[in-house]
Amino acid sequence: MNHVSKLAAVGRKVVVPLLALAVLAVGAHLWLNTNVFGRDEVCGGLVSTDSAAAVFSSSGRVSDDNGLDERSGDRLAFTCTVTASSVLPGTDDERIRISASRERGDFPFTDNGRFPNPATASFFSDGATGGVGDGHGWVLLPSTCTTGAGPAVVEGYAPRGSDPVRLARLLTDVAGKAAERAGCRAKEPLRAPSALSRTPVPRPIEGGTVCGLTGLTFPGAPRPGTMESVQDRVRPTWACRIEGYATYTVTQDPQMVEAIRSSPGFEEQPPAGDRRASGFDPWHVVADCAGASTYFSLEFGPRYDDAAGTPGTPRRQDLFRNFVESAGKRLGC
């Protein structure tokens, strides 16, 4: 073997192992830090790993921790946690908790602290009905999935700052698969929104007009610098939060109103102004508005509760009547 041949042989002995190491390194990276060799679906086939990966802020291997946790007796009652993990320095595991349950139909408008305040959420209703706040969203399942226990909803908690459109797309996809799996899929498939309205920026109440509604009474004794968050669009869902005092909501979304009407506890209530009303209590009702079934709700905050009963503080029933009248004029009732 001449000198050149010997050098070539030595080169091959060096290069081949290096190439093998490079291939192993790339393969290890793809396996540990991406989902290239991972599963297409997790959570019992309900969650697309591509859709989940699009929500996470960084790449990682997508898995479902302990898998799908189902509750016996209802296929639309489950919980699953999706995790994106990576061994790259400086990266932390990210998680999305997805669940499905049956709720009272006005669940996104009641102040139980679980769902985003409606004045801070972006609602969508074209193709699917849902809402997304900062790192939290929900999608209503088709009415064909409603039972005597109420409508079904898919809910998701994602890292704060997650892209709201991508989160809405993920939850809509899960809702469609959950409905199909439970045998209650609607004729038309659920479609995720391609864009969402911006959430309002809090602003100080000025000029005596509350929530942009002419004639709306301030719910209490106003303090200087009190902030309000007002949604720009009136239809199909509108909300306004007066920081610390109250949150007003109106929706004419047909799917939401149907979900509200089909919930346990929905019954006749005292009239809302001069309108016959049905609902869950005097502050959460459905009434007619120029032929459209319209839901009105008023949630009271701690500042109002602290002042309730003191001179100068309007009564709850007077505030609600005033709200229905003011919002009704805006809607053309």
# chains A, B, ... in the order shown; residues from 1 in each chain; ligands from 1
$ residues_around --residues "stretch 151-158 of chain A" --least-positions-apart "5" --cutoff "6 Å" --atoms "only C-alpha atoms" --output "PyMOL selection string"
chain A and resi 96-102+135-141+146+175+259
$ residues_around --residues "stretch 126-131 of chain A" --least-positions-apart "5" --cutoff "8 Å" --atoms "only C-alpha atoms" --output "list in words"
Ala121, Gly137, Trp138, Val139, Leu140, Ala168, Thr172, Pro189, Leu190, Arg191, Ala192, Pro193, Gln255 and Met256 of chain A
$ residues_around --residues "A:Arg235" --least-positions-apart "4" --cutoff "12 Å" --atoms "only C-alpha atoms" --output "compact mmCIF listing (two decimals) with N, CA, C and O atoms, in the first residue's frame"
# COMPACT_ATOMS: atom_id res chain seq x y z
N PHE A 123 -63.92 36.62 21.90
CA PHE A 123 -64.93 35.63 21.60
C PHE A 123 -64.98 35.37 20.09
O PHE A 123 -64.67 36.25 19.28
N PHE A 124 -65.36 34.16 19.72
CA PHE A 124 -65.55 33.83 18.31
C PHE A 124 -66.79 32.96 18.18
O PHE A 124 -67.17 32.23 19.11
N SER A 125 -67.45 33.06 17.04
CA SER A 125 -68.72 32.34 16.87
C SER A 125 -68.94 31.86 15.44
O SER A 125 -69.97 31.25 15.16
N GLN A 231 -65.43 46.11 25.54
CA GLN A 231 -65.26 45.49 24.24
C GLN A 231 -65.86 46.38 23.16
O GLN A 231 -66.90 47.02 23.35
N ALA A 239 -68.96 42.77 26.44
CA ALA A 239 -68.79 42.79 27.89
C ALA A 239 -68.04 44.05 28.29
O ALA A 239 -67.26 44.62 27.51
N THR A 249 -72.46 41.87 30.78
CA THR A 249 -72.30 41.04 29.59
C THR A 249 -73.61 40.91 28.85
O THR A 249 -74.68 40.79 29.47
N VAL A 250 -73.53 40.93 27.53
CA VAL A 250 -74.68 40.68 26.66
C VAL A 250 -74.23 39.73 25.56
O VAL A 250 -73.13 39.91 25.00
N THR A 251 -75.05 38.73 25.24
CA THR A 251 -74.76 37.91 24.07
C THR A 251 -76.04 37.55 23.35
O THR A 251 -77.07 37.28 23.97
N GLN A 252 -75.94 37.58 22.03
CA GLN A 252 -77.01 37.10 21.17
C GLN A 252 -76.50 35.92 20.33
O GLN A 252 -77.15 35.54 19.36
N ASP A 253 -75.36 35.37 20.71
CA ASP A 253 -74.83 34.21 20.00
C ASP A 253 -75.82 33.06 20.13
O ASP A 253 -76.13 32.62 21.24
N PRO A 254 -76.35 32.54 19.01
CA PRO A 254 -77.41 31.52 19.09
C PRO A 254 -76.96 30.27 19.83
O PRO A 254 -77.75 29.69 20.59
N ALA A 292 -84.87 38.88 18.92
CA ALA A 292 -83.67 38.06 19.16
C ALA A 292 -83.56 37.70 20.63
O ALA A 292 -83.63 38.59 21.50
N THR A 294 -81.85 37.28 23.85
CA THR A 294 -80.65 37.97 24.28
C THR A 294 -80.39 37.70 25.76
O THR A 294 -81.29 37.80 26.59
N TYR A 295 -79.16 37.34 26.04
CA TYR A 295 -78.76 37.06 27.42
C TYR A 295 -78.11 38.31 28.02
O TYR A 295 -77.23 38.93 27.41
N ALA A 327 -78.42 48.83 27.42
CA ALA A 327 -77.87 47.92 26.41
C ALA A 327 -78.91 47.63 25.34
O ALA A 327 -78.57 47.50 24.15
N ARG A 330 -78.83 50.25 22.73
CA ARG A 330 -77.65 50.09 21.88
C ARG A 330 -77.86 48.98 20.86
O ARG A 330 -77.39 49.07 19.72
N LEU A 331 -78.61 47.95 21.24
CA LEU A 331 -78.87 46.82 20.36
C LEU A 331 -80.07 47.05 19.45
O LEU A 331 -80.36 46.23 18.57
N GLY A 332 -80.79 48.12 19.68
CA GLY A 332 -81.96 48.41 18.86
C GLY A 332 -83.22 47.70 19.30
O GLY A 332 -84.13 47.48 18.50
$ select_by_dssp --residues "stretch 121-203 of chain A" --states "helix (DSSP H, G or I)" --output "PDB file with N, CA, C and O atoms, in the first residue's frame"
ATOM      1  N   SER A 143     -74.690  21.412  20.105  1.00  0.00           N
ATOM      2  CA  SER A 143     -75.868  21.194  20.939  1.00  0.00           C
ATOM      3  C   SER A 143     -76.294  19.730  20.941  1.00  0.00           C
ATOM      4  O   SER A 143     -76.980  19.286  21.867  1.00  0.00           O
ATOM      5  N   THR A 144     -75.882  18.975  19.923  1.00  0.00           N
ATOM      6  CA  THR A 144     -76.193  17.542  19.879  1.00  0.00           C
ATOM      7  C   THR A 144     -75.496  16.785  21.007  1.00  0.00           C
ATOM      8  O   THR A 144     -75.826  15.626  21.268  1.00  0.00           O
ATOM      9  N   CYS A 145     -74.523  17.423  21.669  1.00  0.00           N
ATOM     10  CA  CYS A 145     -73.818  16.796  22.784  1.00  0.00           C
ATOM     11  C   CYS A 145     -74.433  17.167  24.134  1.00  0.00           C
ATOM     12  O   CYS A 145     -73.998  16.662  25.172  1.00  0.00           O
ATOM     13  N   PRO A 164     -53.208  33.349  21.067  1.00  0.00           N
ATOM     14  CA  PRO A 164     -54.623  33.018  21.286  1.00  0.00           C
ATOM     15  C   PRO A 164     -55.264  32.309  20.096  1.00  0.00           C
ATOM     16  O   PRO A 164     -56.130  31.449  20.288  1.00  0.00           O
ATOM     17  N   VAL A 165     -54.872  32.650  18.865  1.00  0.00           N
ATOM     18  CA  VAL A 165     -55.450  31.996  17.694  1.00  0.00           C
ATOM     19  C   VAL A 165     -55.049  30.520  17.666  1.00  0.00           C
ATOM     20  O   VAL A 165     -55.867  29.635  17.375  1.00  0.00           O
ATOM     21  N   ARG A 166     -53.797  30.243  17.974  1.00  0.00           N
ATOM     22  CA  ARG A 166     -53.338  28.845  17.988  1.00  0.00           C
ATOM     23  C   ARG A 166     -54.001  28.056  19.102  1.00  0.00           C
ATOM     24  O   ARG A 166     -54.331  26.881  18.930  1.00  0.00           O
ATOM     25  N   LEU A 167     -54.210  28.701  20.252  1.00  0.00           N
ATOM     26  CA  LEU A 167     -54.909  28.019  21.341  1.00  0.00           C
ATOM     27  C   LEU A 167     -56.356  27.741  20.955  1.00  0.00           C
ATOM     28  O   LEU A 167     -56.877  26.645  21.208  1.00  0.00           O
ATOM     29  N   ALA A 168     -57.012  28.710  20.320  1.00  0.00           N
ATOM     30  CA  ALA A 168     -58.390  28.501  19.855  1.00  0.00           C
ATOM     31  C   ALA A 168     -58.444  27.366  18.836  1.00  0.00           C
ATOM     32  O   ALA A 168     -59.368  26.542  18.843  1.00  0.00           O
ATOM     33  N   ARG A 169     -57.448  27.298  17.956  1.00  0.00           N
ATOM     34  CA  ARG A 169     -57.405  26.236  16.945  1.00  0.00           C
ATOM     35  C   ARG A 169     -57.249  24.871  17.600  1.00  0.00           C
ATOM     36  O   ARG A 169     -57.918  23.903  17.228  1.00  0.00           O
ATOM     37  N   LEU A 170     -56.367  24.787  18.607  1.00  0.00           N
ATOM     38  CA  LEU A 170     -56.167  23.519  19.316  1.00  0.00           C
ATOM     39  C   LEU A 170     -57.448  23.072  20.003  1.00  0.00           C
ATOM     40  O   LEU A 170     -57.867  21.910  19.877  1.00  0.00           O
ATOM     41  N   LEU A 171     -58.092  23.966  20.739  1.00  0.00           N
ATOM     42  CA  LEU A 171     -59.285  23.597  21.505  1.00  0.00           C
ATOM     43  C   LEU A 171     -60.459  23.270  20.585  1.00  0.00           C
ATOM     44  O   LEU A 171     -61.270  22.383  20.898  1.00  0.00           O
ATOM     45  N   THR A 172     -60.559  23.954  19.462  1.00  0.00           N
ATOM     46  CA  THR A 172     -61.624  23.642  18.501  1.00  0.00           C
ATOM     47  C   THR A 172     -61.420  22.249  17.928  1.00  0.00           C
ATOM     48  O   THR A 172     -62.373  21.476  17.765  1.00  0.00           O
ATOM     49  N   ASP A 173     -60.177  21.905  17.622  1.00  0.00           N
ATOM     50  CA  ASP A 173     -59.859  20.574  17.102  1.00  0.00           C
ATOM     51  C   ASP A 173     -60.194  19.502  18.129  1.00  0.00           C
ATOM     52  O   ASP A 173     -60.792  18.470  17.802  1.00  0.00           O
ATOM     53  N   VAL A 174     -59.840  19.748  19.389  1.00  0.00           N
ATOM     54  CA  VAL A 174     -60.151  18.784  20.453  1.00  0.00           C
ATOM     55  C   VAL A 174     -61.664  18.646  20.619  1.00  0.00           C
ATOM     56  O   VAL A 174     -62.186  17.535  20.771  1.00  0.00           O
ATOM     57  N   ALA A 175     -62.382  19.761  20.580  1.00  0.00           N
ATOM     58  CA  ALA A 175     -63.836  19.713  20.739  1.00  0.00           C
ATOM     59  C   ALA A 175     -64.479  18.891  19.632  1.00  0.00           C
ATOM     60  O   ALA A 175     -65.396  18.096  19.884  1.00  0.00           O
ATOM     61  N   GLY A 176     -64.016  19.070  18.396  1.00  0.00           N
ATOM     62  CA  GLY A 176     -64.563  18.296  17.289  1.00  0.00           C
ATOM     63  C   GLY A 176     -64.305  16.808  17.444  1.00  0.00           C
ATOM     64  O   GLY A 176     -65.195  15.977  17.216  1.00  0.00           O
ATOM     65  N   LYS A 177     -63.090  16.456  17.853  1.00  0.00           N
ATOM     66  CA  LYS A 177     -62.757  15.043  18.045  1.00  0.00           C
ATOM     67  C   LYS A 177     -63.507  14.452  19.227  1.00  0.00           C
ATOM     68  O   LYS A 177     -63.928  13.287  19.193  1.00  0.00           O
ATOM     69  N   ALA A 178     -63.675  15.251  20.287  1.00  0.00           N
ATOM     70  CA  ALA A 178     -64.407  14.763  21.463  1.00  0.00           C
ATOM     71  C   ALA A 178     -65.870  14.489  21.112  1.00  0.00           C
ATOM     72  O   ALA A 178     -66.456  13.486  21.548  1.00  0.00           O
ATOM     73  N   ALA A 179     -66.463  15.380  20.305  1.00  0.00           N
ATOM     74  CA  ALA A 179     -67.856  15.178  19.891  1.00  0.00           C
ATOM     75  C   ALA A 179     -67.981  13.927  19.030  1.00  0.00           C
ATOM     76  O   ALA A 179     -68.919  13.129  19.197  1.00  0.00           O
ATOM     77  N   GLU A 180     -67.040  13.735  18.119  1.00  0.00           N
ATOM     78  CA  GLU A 180     -67.090  12.544  17.266  1.00  0.00           C
ATOM     79  C   GLU A 180     -66.910  11.279  18.089  1.00  0.00           C
ATOM     80  O   GLU A 180     -67.610  10.279  17.891  1.00  0.00           O
ATOM     81  N   ARG A 181     -65.997  11.318  19.027  1.00  0.00           N
ATOM     82  CA  ARG A 181     -65.734  10.164  19.879  1.00  0.00           C
ATOM     83  C   ARG A 181     -66.948   9.816  20.733  1.00  0.00           C
ATOM     84  O   ARG A 181     -67.217   8.636  21.002  1.00  0.00           O
TER      85      ARG A 181
END
$ residues_around --residues "A:Val285" --least-positions-apart "5" --cutoff "8 Å" --atoms "only C-alpha atoms" --output "ChimeraX atom specification"
/A:269,272,277-280,295-297
$ write_last_selection --atoms "N, CA and C atoms" --output "PDB file, in the first residue's frame"
ATOM      1  N   GLN A 269     -87.947  34.184  35.586  1.00  0.00           N
ATOM      2  CA  GLN A 269     -87.419  35.134  36.553  1.00  0.00           C
ATOM      3  C   GLN A 269     -88.266  36.402  36.543  1.00  0.00           C
ATOM      4  N   ALA A 272     -87.205  41.742  33.320  1.00  0.00           N
ATOM      5  CA  ALA A 272     -86.021  42.588  33.171  1.00  0.00           C
ATOM      6  C   ALA A 272     -86.486  43.898  32.560  1.00  0.00           C
ATOM      7  N   ALA A 277     -88.606  37.596  31.332  1.00  0.00           N
ATOM      8  CA  ALA A 277     -87.256  37.053  31.406  1.00  0.00           C
ATOM      9  C   ALA A 277     -87.266  35.663  32.021  1.00  0.00           C
ATOM     10  N   SER A 278     -86.321  34.856  31.579  1.00  0.00           N
ATOM     11  CA  SER A 278     -86.060  33.547  32.175  1.00  0.00           C
ATOM     12  C   SER A 278     -84.555  33.408  32.347  1.00  0.00           C
ATOM     13  N   GLY A 279     -84.149  32.691  33.374  1.00  0.00           N
ATOM     14  CA  GLY A 279     -82.722  32.538  33.614  1.00  0.00           C
ATOM     15  C   GLY A 279     -82.451  31.766  34.874  1.00  0.00           C
ATOM     16  N   PHE A 280     -81.345  32.094  35.523  1.00  0.00           N
ATOM     17  CA  PHE A 280     -80.907  31.357  36.709  1.00  0.00           C
ATOM     18  C   PHE A 280     -81.145  32.143  37.993  1.00  0.00           C
ATOM     19  N   TYR A 295     -79.159  37.342  26.042  1.00  0.00           N
ATOM     20  CA  TYR A 295     -78.756  37.059  27.422  1.00  0.00           C
ATOM     21  C   TYR A 295     -78.107  38.309  28.019  1.00  0.00           C
ATOM     22  N   PHE A 296     -78.563  38.662  29.223  1.00  0.00           N
ATOM     23  CA  PHE A 296     -77.993  39.790  29.964  1.00  0.00           C
ATOM     24  C   PHE A 296     -77.476  39.260  31.301  1.00  0.00           C
ATOM     25  N   SER A 297     -76.292  39.697  31.688  1.00  0.00           N
ATOM     26  CA  SER A 297     -75.812  39.314  33.020  1.00  0.00           C
ATOM     27  C   SER A 297     -75.101  40.487  33.667  1.00  0.00           C
TER      28      SER A 297
END
$ closest_residue --among "A:Asp318, A:Asp93, A:Glu258, A:Asp281" --to "A:Asp65" --atoms "only C-alpha atoms"
A:Asp93
$ atom_distance --atom1 "atom CA of A:Thr110" --atom2 "atom CA of A:Ala77"
20.8 Å
$ select_by_dssp --residues "stretch 59-149 of chain A" --states "strand (DSSP E or B)" --output "number ranges by chain"
A: 61-63, 69-70, 78-85, 94-102, 122-124, 130-133, 136-140, 147
$ write_last_selection --atoms "N, CA, C and O atoms" --output "compact mmCIF listing (two decimals), in the first residue's frame"
# COMPACT_ATOMS: atom_id res chain seq x y z
N ARG A 61 -40.27 17.73 22.92
CA ARG A 61 -40.95 16.47 22.67
C ARG A 61 -42.31 16.51 23.35
O ARG A 61 -42.43 16.79 24.55
N VAL A 62 -43.38 16.25 22.59
CA VAL A 62 -44.74 16.37 23.09
C VAL A 62 -45.24 15.01 23.58
O VAL A 62 -45.20 14.02 22.84
N SER A 63 -45.70 14.98 24.81
CA SER A 63 -46.24 13.75 25.39
C SER A 63 -47.47 14.11 26.22
O SER A 63 -47.80 15.29 26.40
N ASP A 69 -57.45 10.98 31.40
CA ASP A 69 -58.15 10.65 32.64
C ASP A 69 -59.64 10.85 32.40
O ASP A 69 -60.12 11.98 32.30
N GLU A 70 -60.37 9.77 32.28
CA GLU A 70 -61.81 9.83 31.99
C GLU A 70 -62.63 9.57 33.24
O GLU A 70 -62.23 8.79 34.11
N PHE A 78 -63.41 14.57 30.81
CA PHE A 78 -62.05 14.02 30.84
C PHE A 78 -61.05 15.14 31.11
O PHE A 78 -61.36 16.32 31.00
N THR A 79 -59.85 14.73 31.45
CA THR A 79 -58.74 15.66 31.67
C THR A 79 -57.47 15.04 31.10
O THR A 79 -57.27 13.82 31.19
N CYS A 80 -56.63 15.87 30.51
CA CYS A 80 -55.36 15.38 29.99
C CYS A 80 -54.36 16.54 30.00
O CYS A 80 -54.72 17.67 29.65
N THR A 81 -53.14 16.26 30.40
CA THR A 81 -52.09 17.27 30.41
C THR A 81 -51.06 16.95 29.34
O THR A 81 -50.51 15.85 29.32
N VAL A 82 -50.84 17.90 28.46
CA VAL A 82 -49.88 17.74 27.36
C VAL A 82 -48.61 18.51 27.73
O VAL A 82 -48.69 19.67 28.14
N THR A 83 -47.47 17.85 27.59
CA THR A 83 -46.19 18.43 27.99
C THR A 83 -45.24 18.51 26.81
O THR A 83 -45.15 17.57 26.01
N ALA A 84 -44.53 19.62 26.71
CA ALA A 84 -43.42 19.76 25.77
C ALA A 84 -42.15 19.82 26.60
O ALA A 84 -41.97 20.74 27.41
N SER A 85 -41.26 18.83 26.42
CA SER A 85 -40.03 18.76 27.21
C SER A 85 -38.81 18.78 26.31
O SER A 85 -38.85 18.31 25.17
N GLU A 94 -43.06 22.84 29.34
CA GLU A 94 -44.30 23.62 29.24
C GLU A 94 -45.47 22.65 29.21
O GLU A 94 -45.36 21.53 28.71
N ARG A 95 -46.61 23.11 29.72
CA ARG A 95 -47.77 22.22 29.82
C ARG A 95 -49.05 22.92 29.37
O ARG A 95 -49.21 24.13 29.56
N ILE A 96 -49.93 22.13 28.78
CA ILE A 96 -51.30 22.56 28.48
C ILE A 96 -52.24 21.55 29.13
O ILE A 96 -52.16 20.35 28.85
N ARG A 97 -53.10 22.05 29.98
CA ARG A 97 -54.09 21.17 30.62
C ARG A 97 -55.41 21.32 29.87
O ARG A 97 -55.97 22.40 29.78
N ILE A 98 -55.88 20.21 29.32
CA ILE A 98 -57.11 20.22 28.53
C ILE A 98 -58.14 19.34 29.24
O ILE A 98 -57.83 18.24 29.69
N SER A 99 -59.37 19.84 29.33
CA SER A 99 -60.42 19.07 29.99
C SER A 99 -61.74 19.31 29.28
O SER A 99 -61.90 20.25 28.52
N ALA A 100 -62.67 18.43 29.54
CA ALA A 100 -64.04 18.59 29.05
C ALA A 100 -64.98 18.31 30.21
O ALA A 100 -64.72 17.43 31.04
N SER A 101 -66.04 19.08 30.28
CA SER A 101 -66.99 18.93 31.38
C SER A 101 -68.33 19.52 30.96
O SER A 101 -68.46 20.12 29.89
N ARG A 102 -69.31 19.34 31.80
CA ARG A 102 -70.63 19.95 31.58
C ARG A 102 -70.77 21.15 32.51
O ARG A 102 -70.44 21.06 33.69
N SER A 122 -61.37 37.24 24.08
CA SER A 122 -61.74 37.39 22.66
C SER A 122 -62.70 36.27 22.33
O SER A 122 -62.37 35.09 22.46
N PHE A 123 -63.92 36.62 21.90
CA PHE A 123 -64.93 35.63 21.60
C PHE A 123 -64.98 35.37 20.09
O PHE A 123 -64.67 36.25 19.28
N PHE A 124 -65.36 34.16 19.72
CA PHE A 124 -65.55 33.83 18.31
C PHE A 124 -66.79 32.96 18.18
O PHE A 124 -67.17 32.23 19.11
N GLY A 130 -66.63 30.03 21.06
CA GLY A 130 -65.65 29.92 22.13
C GLY A 130 -65.09 31.26 22.51
O GLY A 130 -65.52 32.31 22.03
N GLY A 131 -64.12 31.22 23.41
CA GLY A 131 -63.46 32.44 23.87
C GLY A 131 -62.07 32.11 24.36
O GLY A 131 -61.80 31.00 24.83
N VAL A 132 -61.17 33.08 24.24
CA VAL A 132 -59.79 32.90 24.66
C VAL A 132 -59.33 34.13 25.43
O VAL A 132 -59.54 35.26 24.97
N GLY A 133 -58.75 33.90 26.61
CA GLY A 133 -58.10 34.95 27.37
C GLY A 133 -56.60 34.70 27.36
O GLY A 133 -56.09 33.98 26.49
N HIS A 136 -55.79 30.93 28.59
CA HIS A 136 -56.97 30.14 28.99
C HIS A 136 -58.05 30.32 27.94
O HIS A 136 -58.31 31.43 27.48
N GLY A 137 -58.67 29.22 27.53
CA GLY A 137 -59.72 29.31 26.54
C GLY A 137 -60.71 28.18 26.65
O GLY A 137 -60.53 27.22 27.42
N TRP A 138 -61.78 28.28 25.90
CA TRP A 138 -62.83 27.27 25.92
C TRP A 138 -63.53 27.24 24.58
O TRP A 138 -63.53 28.22 23.83
N VAL A 139 -64.13 26.09 24.25
CA VAL A 139 -64.94 25.93 23.05
C VAL A 139 -66.17 25.12 23.42
O VAL A 139 -66.07 24.07 24.07
N LEU A 140 -67.32 25.61 23.01
CA LEU A 140 -68.59 24.93 23.28
C LEU A 140 -68.77 23.80 22.29
O LEU A 140 -68.56 23.97 21.08
N THR A 147 -76.92 17.19 27.23
CA THR A 147 -77.78 16.21 27.90
C THR A 147 -78.55 16.93 29.01
O THR A 147 -78.46 18.15 29.17
$ residues_around --residues "stretch 303-314 of chain A" --least-positions-apart "2" --cutoff "10 Å" --atoms "only C-alpha atoms" --output "count of residues only"
17
$ residues_around --residues "A:Pro224" --least-positions-apart "3" --cutoff "10 Å" --atoms "only C-alpha atoms" --output "NGL selection string"
:A and (204-206 or 221 or 227)
$ atom_distance --atom1 "atom CA of A:Gly291" --atom2 "atom CA of A:Val257"
13.5 Å
